[in-house]
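This report concerns only the one structure given below.
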Amino acid sequence: MFDTLITPFACKSLRLSNRFMMAPMSRYFAPGGVPGQDIADYYRRRIDGGVAGVISEGVAIDVPGSVAADTVPDFHGEAALAGWRKVVDDVHAAGGAFVPQLWHVGGCIDFNFPDAVHPPLKSPSGLVGPDMKGGLVMTDEDIADVIASFARAARDAAALGCDAIELHGAHGYLFDQFFWNVTNRRTDRYGGADIAARSRFAADTVAAVRAAVGRDLAIMFRISQWKVYDYDAKLARNPAEMEQWLAPLVDAGVDIIHASDRRFWEPAFEGSDLNLAGWAKKVTGLPTVTVGSIGLSRDLMADFVEGTSHPEIERFQDLERRFDRGDFDLVAVGRALLSDPEWLLKVRGGNFADLKPYSLATKEELY
């Protein structure tokens with residue numbers, strides 16, 4: 001199983017022994033923002049289980065209010081960066097690649113810890129969803145500070161020996177709040193009637209990151225249509241709008257698009273069975289990552305309600321078919337790998353009966 005996916009991949013600094021990576025998933029196991037040996041062990045086990053690299057949970061850049069819970073890992077400060085150096089070293093020692101996902105939540109509170117104390121949140125227009133207030137409206141100075149903060153975090157990632165960096169531009173967080181016309185009502189250079197104009201903030205950030213790290217460090221950018229406040233949202237209604245959305249990011253220096261679907265097998269637009277990653281590759285020509293309920297029977301949002309998602313192998317052939325067709329280059333596995341670090345080894349060996357289901361209880365443990 002997955003023979004064609006067990007092939008090397010390379011894009012600038014990112015070099016992988018196969019096409020599988022661990023998807024980013026918030027875990028909240030970093031008291032005071034500092035990752036410990038338990039987090040290093042957690043990521044290393046996924047490499048031992050067969051995936052070629054891990055994309056970290058979202059990590060906080062150094063502007064106040066970039067995240068809204070104090071157990072989200074920081075990616076700044078001496079103690080936190082020392083912890084991440086140990087993570088990077090352990091993942092490399094196991095033969096894997098490590099990619100931190102740099103995160104700013106914008107105006108979104110943390111859904112897992114809604115009552116957590118945090119600095120004031122800020123967003124493009126003080127909105128996080130349709131007529132939903134969230135965060136203070138960002139000033140020009142705020143925007144400049146955030147862009148500079150992402151660049152500093154990327155420079156630190158390069159210094160730690162990370163194999164790439166990922167900017168979290170999906171699911172309704174800060175970059176996405178600029179993309180979405182519902183949450184971006186600005187009338188300055190960071191607003192606009194079309195999505196190309198509203199991509200300027202993300203493009204300016206990518207350009208600053210590229211200037212900070214040089215030409216060789218791979219920059220990944222995660223996108224989605226759906227938001228935590230609106231599962232049916234559409235930033236791009238058709239491929240032409242998707243090209244307008246992504247072209248500024250490509251021009252600024254993005255190397256890989258990580259396209260988040262709730263279910264990878266669902267088409268992004270009518271008239272084609274291409275998913276979001278497939279269309280992102282088609283309109284940009286860049287390598288892409290597909291993600292969304294890989295190996296499980298239900299999407300993440302259903303699990304929040306119903307509790308347990310069981311292994312599903314029926315869609316594996318569809319995943320291979322799409323890869324062989326050239327729709328995407330990498331596969332990010334989330335909850336299936338969270339519940340079972342040896343998921344890929346078991347699938348490759350045909351040991352489907354040994355696969356472990358994912359349940360909400362999995363969120364409470366780090367193993």
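Here's how to read the names in the structure tokens: chain A, B, ... by the order shown, residue numbers from 1 in each chain, ligand numbers from 1 in the order shown.
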
Per residue of stretch 37-91 of chain A within 10 Å of stretch 110-133 of chain A, note the shortest atom pair and the distance in Å to one decimal, counting only C-alpha atoms, and order the rows by chain and increasing residue number, as a tab-separated table.
```
residue	atom	partner	partner_atom	distance
A:Val63	CA	A:Pro119	CA	9.7
A:Pro64	CA	A:Pro119	CA	5.9
A:Gly65	CA	A:Pro119	CA	4.9
A:Ser66	CA	A:Leu121	CA	7.4
A:Val67	CA	A:Asp110	CA	7.7
A:Ala68	CA	A:His118	CA	5.4
A:Ala69	CA	A:Ala116	CA	5.7
A:Asp70	CA	A:His118	CA	7.6
A:Thr71	CA	A:Phe113	CA	9.8
A:Val72	CA	A:Asp110	CA	10.0
```

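Residue nearest A:Asp354 within the list A:Val333, A:His310, A:Leu81, A:Gly50: A:His310 [criterion: smallest interatomic distance, only C-alpha atoms].
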
| request: Give the alpha helix (DSSP H) residues of stretch 118-180 of chain A, as DSSP finds them on the backbone, and put them as a list in words. | output: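 Restricting stretch 118-180 of chain A to alpha helix (DSSP H) produces Asp140, Glu141, Asp142, Ile143, Ala144, Asp145, Val146, Ile147, Ala148, Ser149, Phe150, Ala151, Arg152, Ala153, Ala154, Arg155, Asp156, Ala157, Ala158, Ala159, Leu160, Leu174, Phe175, Asp176, Gln177, Phe178 and Phe179 of chain A.
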
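For the atom pair formed by atom CA of A:Gly271 and atom CA of A:Asp232, the distance is 18.3 Å, given to one decimal.
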
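Residues lying within 10 Å of A:Ala259, counting only C-alpha atoms and ignoring same-chain neighbours fewer than 3 positions away, are Gly169, Ala170, Phe221, Arg222, Ile223, Ser224, Gln225, Ile256, Phe264, Asn275, Leu276, Ala277, Gly278, Trp279, Ala280, Lys281, Thr288, Val289, Thr290, Val291, Gly292, Phe328 and Ala332 of chain A.
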
| request: Enumerate, as number ranges by chain, the complete set of residues in stretch 294-349 of chain A that a backbone-based DSSP assignment places in strand (DSSP E or B). | output: A: 296, 308-309, 311, 330-333

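Note that the spacing between atom CA of A:Gln317 and atom CA of A:Thr362 amounts to 27.0 Å.
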
| message | Env of A:Asp204: 9 Å cut, atoms = only C-alpha atoms, seq-sep filter 5 positions within chain, self excluded. Answer as a ChimeraX atom specification. | response | /A:147,199,209,249,252

| Using only C-alpha atoms: which of A:Arg215, A:Arg152, A:Arg322, A:Arg263 has the shortest distance to A:Gly77 | A:Arg152

| said: Give me the residues near A:Gly33 as a list in words, where near means some atom within 12 Å (using only C-alpha atoms) and where sequence neighbours in that chain fewer than 4 positions away do not count. | reply: Arg27, Tyr28, Phe29, Ile39, Gly58, Val59, Ala60, Ile61, Asp62, Val67, Ala68, Ala69, Asp70, Thr71, Val72, Pro73, Asp74, Phe75, His76, Gly77, Glu78, Ala79, Ala80, Leu81, Ala82, Gly83 and Trp84 of chain A

| query | Which is closest to A:Ala97 among A:Phe150, A:Phe201, A:Tyr367, A:Phe9, if we use only C-alpha atoms? | reply |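 Of all the options, A:Phe9 lies closest to A:Ala97.
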
| request: Would you mind listing what lies within 9 Å of A:Asp90 as a ChimeraX atom specification, with only C-alpha atoms counted and same-chain residues fewer than 3 positions away left out? | output: /A:40-41,43-44,85-87,93-96

| From A:Arg185, A:Arg335, A:Arg155, A:His168, residue lying nearest A:His104 [only C-alpha atoms] |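 Ranked by minimum distance to A:His104, first place goes to A:His168.
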
| message | I'd like the neighbourhood of A:Pro239 as a list of chain:residue names, where a residue qualifies if any of its atoms comes within 9 Å (using only C-alpha atoms), though same-chain residues fewer than 3 positions away should be ignored. | response | A:Ala236, A:Met242, A:Glu243, A:Gln244, A:Ala268, A:Phe269, A:Trp279, A:Ala280, A:Lys282, A:Val283

May I have the selected residues written with C-alpha atoms, as a compact mmCIF listing (two decimals), in the first residue's frame?
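Final output, saved to out14.txt:
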```
# COMPACT_ATOMS: atom_id res chain seq x y z
CA ALA A 236 -12.56 31.51 -3.84
CA MET A 242 -8.22 30.97 -6.39
CA GLU A 243 -5.46 32.04 -8.77
CA GLN A 244 -6.02 35.68 -7.78
CA ALA A 268 -13.26 22.25 -4.35
CA PHE A 269 -15.34 23.49 -7.30
CA TRP A 279 -6.56 23.20 -7.63
CA ALA A 280 -3.80 25.02 -5.71
CA LYS A 282 -3.04 23.60 -10.93
CA VAL A 283 -3.28 27.38 -10.61
```

| In Å, how far is it from atom CA of A:Ile165 to atom CA of A:Met220? |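 These two atoms are separated by 6.0 Å.
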
| message | Under the rule that only C-alpha atoms are counted, which of A:Ala148, A:Asp163, A:Arg15, A:Asp89 is the nearest residue to A:Ala211? | response | A:Ala148

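With only C-alpha atoms as the basis for measurement, A:Leu246 is the residue among A:Ala144, A:Leu246, A:Met138, A:Ile294 that approaches A:Phe179 most closely.
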